[in-house]
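Let me begin by presenting the structure, written as structure tokens, before commenting on it.
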Amino acid sequence: MIYFDNAATSWPKPEAVRAALSDYFGEAGGNAGRSGHRMSVAAARIVENAREALAGLFHAGDPSRIVFTHNATHALNLALYGLLHPGDHVVTSSVEHNSVMRPLRHLETLGVEVTVVPCTPEGILESNAVRRAVRPHTRLVVTTHASNVAGTLLPVGALAALAREHGIPYLVDASQTAGAIPIDVEELELDLLAFTGHKGLLGPTGSGGLYVREGVALVPLIRGGTGSDSAHEIQPEFLPDAFESGTLNVAGIAGLGAGVRFLLEIGLDAVRAHERNLVAQFLAGASEISGITLYGPGDAALQCGLVSFNVAGATPSEVGVILDESFGIMARTGLHCAPAAHRTLGTFPTGTVRFSFGWFNTPTEVEVALGALREIAAWAEKGAVSAWMA
Ligand SMILES: Cc1ncc(COP(=O)(O)O)c(C=O)c1O
């Protein structure tokens, strides 16, 4: 079996991640920060170790600026609803995932003005186009770091500088890059970075977080028990407690911490180089197959570890079913929760086939997949896909 769906969720997880979950359930087991007994203290230590590992990975300095959430969607909602108010203006790009677009479209109904800056059909965003979109009442710029459809990397460094110049916070959705591409929030001077734990960070589903730079004034999305300041009925204002109400997903955070430590040991430069080589190998091979259309910049240096394509004469879902059933290759097909990105690429409403690579994929697997695509493209050219499906 070949797993090329790491952009949906990474698989396999390192052995250390599985061990961390098992250790938590078998030994630590308590509720982090809620009691004084040894099992609660052990759980709290797991959470703080994971926070420190993440702060190290993102060069965040103070670990308390890392807030745990259930996933990137939760982190993005926390940032968007915590910063934007009626009468505010927000600038975003046309390749955003629905975890940015849907909250923004809802905020629009509450009186927030939204400008979507168009990207090129390759998913490229010009930072000057964002500059032109900024208005006096712009309160936030939010973009993904990399399109989850085309793979295209957005110019986060230039956008961070632009936002800083205008005194506007910049929120980056690092769902497709955290754990796969080095990110230094200090060097880039990012204000907010939303990440999910279960993709490049190699942790379990139900884990993620938000980095919040000091000085960014966020209103909490939910309020409640934090295990701290319990004599008071008012939500604490210090981080991370201000944004971590309710029992944390300690098991998920245990696995996430182990995933991050695994990556820190390998080094993100090595992860990036590995995925970039797989993308380059795929692009070189697929561009020679008649009937395959590739989307995105077509240059491994300009994209994260994923590729999108279509096969002439077959729908993306037909290709996905054949890849799975006849070749044991797991790919994602369709719209990838990002209809705006597909409108940008010209692939709406049917979408694309997406291969997304991870640390555990190999050049041999890419070769096997290219062979499978050669066969599928040849069948599709003859109009024989439905015969194959039958
Ligand atoms: C660019 C992007 N943003 C946000 C998300 C949402 O991540 P999660 O489902 O973990 O909240 C995804 C997931 O596919 C994504 O690709």
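Labels used: A, B, ... for chains in the order of the structure tokens, numbers from 1 for residues in each chain, and numbers from 1 for ligands as shown.
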
Please tabulate, as CSV, the residues of chain A that come within 8 Å of ligand 1, each with its closest pair of atoms and the distance in Å to one decimal, counting only C-alpha atoms and all ligand atoms and ordering rows by chain, then residue number upward.
```
residue,atom,partner,partner_atom_place_in_ligand_line,distance
A:Ala7,CA,ligand 1,14 (O),6.2
A:Ala8,CA,ligand 1,14 (O),5.2
A:Thr9,CA,ligand 1,14 (O),7.8
A:His70,CA,ligand 1,11 (O),7.5
A:Asn71,CA,ligand 1,11 (O),4.2
A:Ala72,CA,ligand 1,11 (O),3.8
A:Thr73,CA,ligand 1,11 (O),3.7
A:His74,CA,ligand 1,11 (O),6.4
A:Ala75,CA,ligand 1,11 (O),7.8
A:Leu76,CA,ligand 1,4 (C),8.0
A:Glu96,CA,ligand 1,1 (C),6.5
A:His97,CA,ligand 1,3 (N),5.0
A:Asn98,CA,ligand 1,4 (C),7.2
A:Ser99,CA,ligand 1,4 (C),5.3
A:Val100,CA,ligand 1,3 (N),7.1
A:Thr144,CA,ligand 1,1 (C),5.8
A:His145,CA,ligand 1,1 (C),7.6
A:Ala146,CA,ligand 1,1 (C),6.6
A:Ser147,CA,ligand 1,1 (C),5.8
A:Asn148,CA,ligand 1,16 (O),4.6
A:Val149,CA,ligand 1,16 (O),7.9
A:Asp173,CA,ligand 1,3 (N),5.9
A:Ala174,CA,ligand 1,1 (C),6.9
A:Ser175,CA,ligand 1,2 (C),4.7
A:Gln176,CA,ligand 1,16 (O),5.5
A:Phe195,CA,ligand 1,7 (O),7.7
A:Thr196,CA,ligand 1,10 (O),4.8
A:Gly197,CA,ligand 1,10 (O),7.0
A:His198,CA,ligand 1,10 (O),6.7
A:Lys199,CA,ligand 1,10 (O),7.4
A:Thr205,CA,ligand 1,10 (O),7.3
A:Gly206,CA,ligand 1,10 (O),7.5
A:Ser207,CA,ligand 1,10 (O),7.8
A:Gly208,CA,ligand 1,10 (O),7.2
A:His336,CA,ligand 1,14 (O),7.1
A:Cys337,CA,ligand 1,14 (O),7.2
```

Enumerate as a compact mmCIF listing (two decimals) with N, CA and C atoms, in the first residue's frame all residues of stretch 103-214 of chain A assigned to alpha helix (DSSP H) by DSSP on the backbone, naming them with the chain letters and numbers the document uses.
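What ended up in result_22.txt:
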```
# COMPACT_ATOMS: atom_id res chain seq x y z
N PRO A 103 -15.37 30.97 8.21
CA PRO A 103 -15.48 31.97 9.28
C PRO A 103 -15.53 33.40 8.71
N LEU A 104 -14.72 33.67 7.67
CA LEU A 104 -14.73 35.04 7.11
C LEU A 104 -16.08 35.36 6.48
N ARG A 105 -16.65 34.39 5.77
CA ARG A 105 -17.97 34.65 5.15
C ARG A 105 -19.04 34.84 6.24
N HIS A 106 -18.89 34.14 7.36
CA HIS A 106 -19.84 34.35 8.46
C HIS A 106 -19.61 35.72 9.10
N LEU A 107 -18.34 36.08 9.31
CA LEU A 107 -18.03 37.39 9.89
C LEU A 107 -18.54 38.52 8.98
N GLU A 108 -18.56 38.25 7.67
CA GLU A 108 -19.09 39.23 6.72
C GLU A 108 -20.55 39.55 7.04
N THR A 109 -21.32 38.52 7.42
CA THR A 109 -22.73 38.73 7.75
C THR A 109 -22.88 39.54 9.04
N SER A 127 2.51 39.94 -3.42
CA SER A 127 2.34 40.70 -2.18
C SER A 127 1.89 42.14 -2.48
N ASN A 128 2.25 42.66 -3.67
CA ASN A 128 1.81 44.03 -4.00
C ASN A 128 0.30 44.11 -4.19
N ALA A 129 -0.30 43.00 -4.62
CA ALA A 129 -1.77 42.99 -4.75
C ALA A 129 -2.40 43.07 -3.37
N VAL A 130 -1.76 42.46 -2.39
CA VAL A 130 -2.27 42.56 -1.01
C VAL A 130 -2.08 44.00 -0.51
N ARG A 131 -0.93 44.58 -0.84
CA ARG A 131 -0.67 45.97 -0.43
C ARG A 131 -1.77 46.90 -0.95
N ARG A 132 -2.17 46.68 -2.21
CA ARG A 132 -3.20 47.53 -2.81
C ARG A 132 -4.56 47.34 -2.15
N ALA A 133 -4.76 46.18 -1.52
CA ALA A 133 -6.07 45.88 -0.91
C ALA A 133 -6.20 46.46 0.50
N VAL A 156 5.01 34.52 2.63
CA VAL A 156 4.68 34.91 4.01
C VAL A 156 5.66 35.95 4.56
N GLY A 157 6.93 35.87 4.14
CA GLY A 157 7.90 36.85 4.63
C GLY A 157 7.52 38.26 4.17
N ALA A 158 7.22 38.39 2.87
CA ALA A 158 6.86 39.71 2.32
C ALA A 158 5.54 40.19 2.92
N LEU A 159 4.61 39.27 3.13
CA LEU A 159 3.31 39.67 3.69
C LEU A 159 3.44 40.09 5.16
N ALA A 160 4.32 39.41 5.89
CA ALA A 160 4.54 39.77 7.29
C ALA A 160 5.14 41.18 7.36
N ALA A 161 6.10 41.46 6.46
CA ALA A 161 6.74 42.79 6.45
C ALA A 161 5.71 43.86 6.09
N LEU A 162 4.88 43.53 5.10
CA LEU A 162 3.84 44.49 4.66
C LEU A 162 2.85 44.80 5.79
N ALA A 163 2.42 43.73 6.47
CA ALA A 163 1.45 43.91 7.56
C ALA A 163 2.08 44.75 8.68
N ARG A 164 3.33 44.46 8.97
CA ARG A 164 4.04 45.20 10.04
C ARG A 164 4.14 46.68 9.68
N GLU A 165 4.46 46.94 8.42
CA GLU A 165 4.57 48.33 7.93
C GLU A 165 3.27 49.10 8.18
N VAL A 185 8.99 32.08 13.66
CA VAL A 185 8.04 33.18 13.88
C VAL A 185 8.75 34.45 14.34
N GLU A 186 9.93 34.29 14.95
CA GLU A 186 10.68 35.47 15.40
C GLU A 186 11.30 36.17 14.20
N GLU A 187 11.95 35.37 13.35
CA GLU A 187 12.62 35.97 12.19
C GLU A 187 11.61 36.62 11.25
N LEU A 188 10.48 35.93 11.05
CA LEU A 188 9.44 36.47 10.15
C LEU A 188 8.59 37.54 10.85
```

request  = Compile the contact shell of stretch 266-273 of chain A as a PyMOL selection string: residues with an atom at most 7 Å away, counting only C-alpha atoms, same-chain residues fewer than 3 positions apart removed.
outcome  = chain A and resi 179-182+262-263+276-277+359

Limited to C-alpha atoms, could you put the picked residues into a file as an mmCIF file, in the first residue's frame?
```cif
data_model
loop_
_atom_site.group_PDB
_atom_site.id
_atom_site.type_symbol
_atom_site.label_atom_id
_atom_site.label_comp_id
_atom_site.auth_asym_id
_atom_site.auth_seq_id
_atom_site.Cartn_x
_atom_site.Cartn_y
_atom_site.Cartn_z
ATOM 1 C CA GLY A 179 6.499 20.178 10.441
ATOM 2 C CA ALA A 180 7.343 20.101 6.730
ATOM 3 C CA ILE A 181 8.961 23.492 6.098
ATOM 4 C CA PRO A 182 11.050 25.459 8.627
ATOM 5 C CA PHE A 262 10.860 13.216 16.274
ATOM 6 C CA LEU A 263 10.990 16.053 13.713
ATOM 7 C CA ARG A 276 10.921 18.589 -2.291
ATOM 8 C CA ASN A 277 12.836 15.786 -4.039
ATOM 9 C CA TRP A 359 8.724 11.848 5.572
#
```

key: Who sits within 7 Å of A:Gly224, only C-alpha atoms, same chain under 5 positions skipped, as a list in words   =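 Residues near the query, excluding close chain neighbours: Gln235, Ser245 and Gly246 of chain A.
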
message = Please list as a PyMOL selection string every residue within 7 Å of A:Ala53, counting only C-alpha atoms and excluding residues in the same chain fewer than 3 positions away.
response = chain A and resi 49-50+56-57+257+260-261

Output all heavy atoms for every residue in that selection, as a compact mmCIF listing (two decimals), in the first residue's frame.
```txt
# COMPACT_ATOMS: atom_id res chain seq x y z
N ASN A 49 5.86 19.86 28.18
CA ASN A 49 6.96 19.40 27.33
C ASN A 49 6.60 19.58 25.85
O ASN A 49 7.44 19.97 25.03
CB ASN A 49 7.29 17.93 27.60
CG ASN A 49 8.04 17.77 28.92
OD1 ASN A 49 8.54 18.74 29.48
ND2 ASN A 49 8.12 16.54 29.41
N ALA A 50 5.35 19.27 25.51
CA ALA A 50 4.91 19.42 24.11
C ALA A 50 4.92 20.90 23.72
O ALA A 50 5.33 21.27 22.62
CB ALA A 50 3.51 18.84 23.94
N GLY A 56 10.10 25.48 20.43
CA GLY A 56 11.43 25.28 19.84
C GLY A 56 11.33 25.15 18.33
O GLY A 56 12.10 25.76 17.59
N LEU A 57 10.36 24.37 17.87
CA LEU A 57 10.21 24.14 16.42
C LEU A 57 9.94 25.45 15.67
O LEU A 57 10.46 25.68 14.59
CB LEU A 57 9.06 23.16 16.18
CG LEU A 57 8.90 22.67 14.75
CD1 LEU A 57 9.92 21.57 14.45
CD2 LEU A 57 7.50 22.15 14.50
N GLY A 257 3.51 16.07 20.98
CA GLY A 257 4.84 16.37 21.51
C GLY A 257 5.87 15.38 20.99
O GLY A 257 6.98 15.75 20.59
N VAL A 260 6.66 16.12 17.35
CA VAL A 260 7.53 17.30 17.19
C VAL A 260 8.97 16.95 17.58
O VAL A 260 9.92 17.33 16.88
CB VAL A 260 6.99 18.48 18.02
CG1 VAL A 260 7.95 19.66 17.97
CG2 VAL A 260 5.61 18.91 17.50
N ARG A 261 9.13 16.18 18.65
CA ARG A 261 10.50 15.81 19.06
C ARG A 261 11.16 14.93 18.00
O ARG A 261 12.35 15.06 17.72
CB ARG A 261 10.48 15.12 20.43
CG ARG A 261 10.20 16.13 21.58
CD ARG A 261 10.38 15.49 22.94
NE ARG A 261 9.32 14.54 23.24
CZ ARG A 261 8.13 14.86 23.79
NH1 ARG A 261 7.87 16.12 24.11
NH2 ARG A 261 7.22 13.94 24.02
```
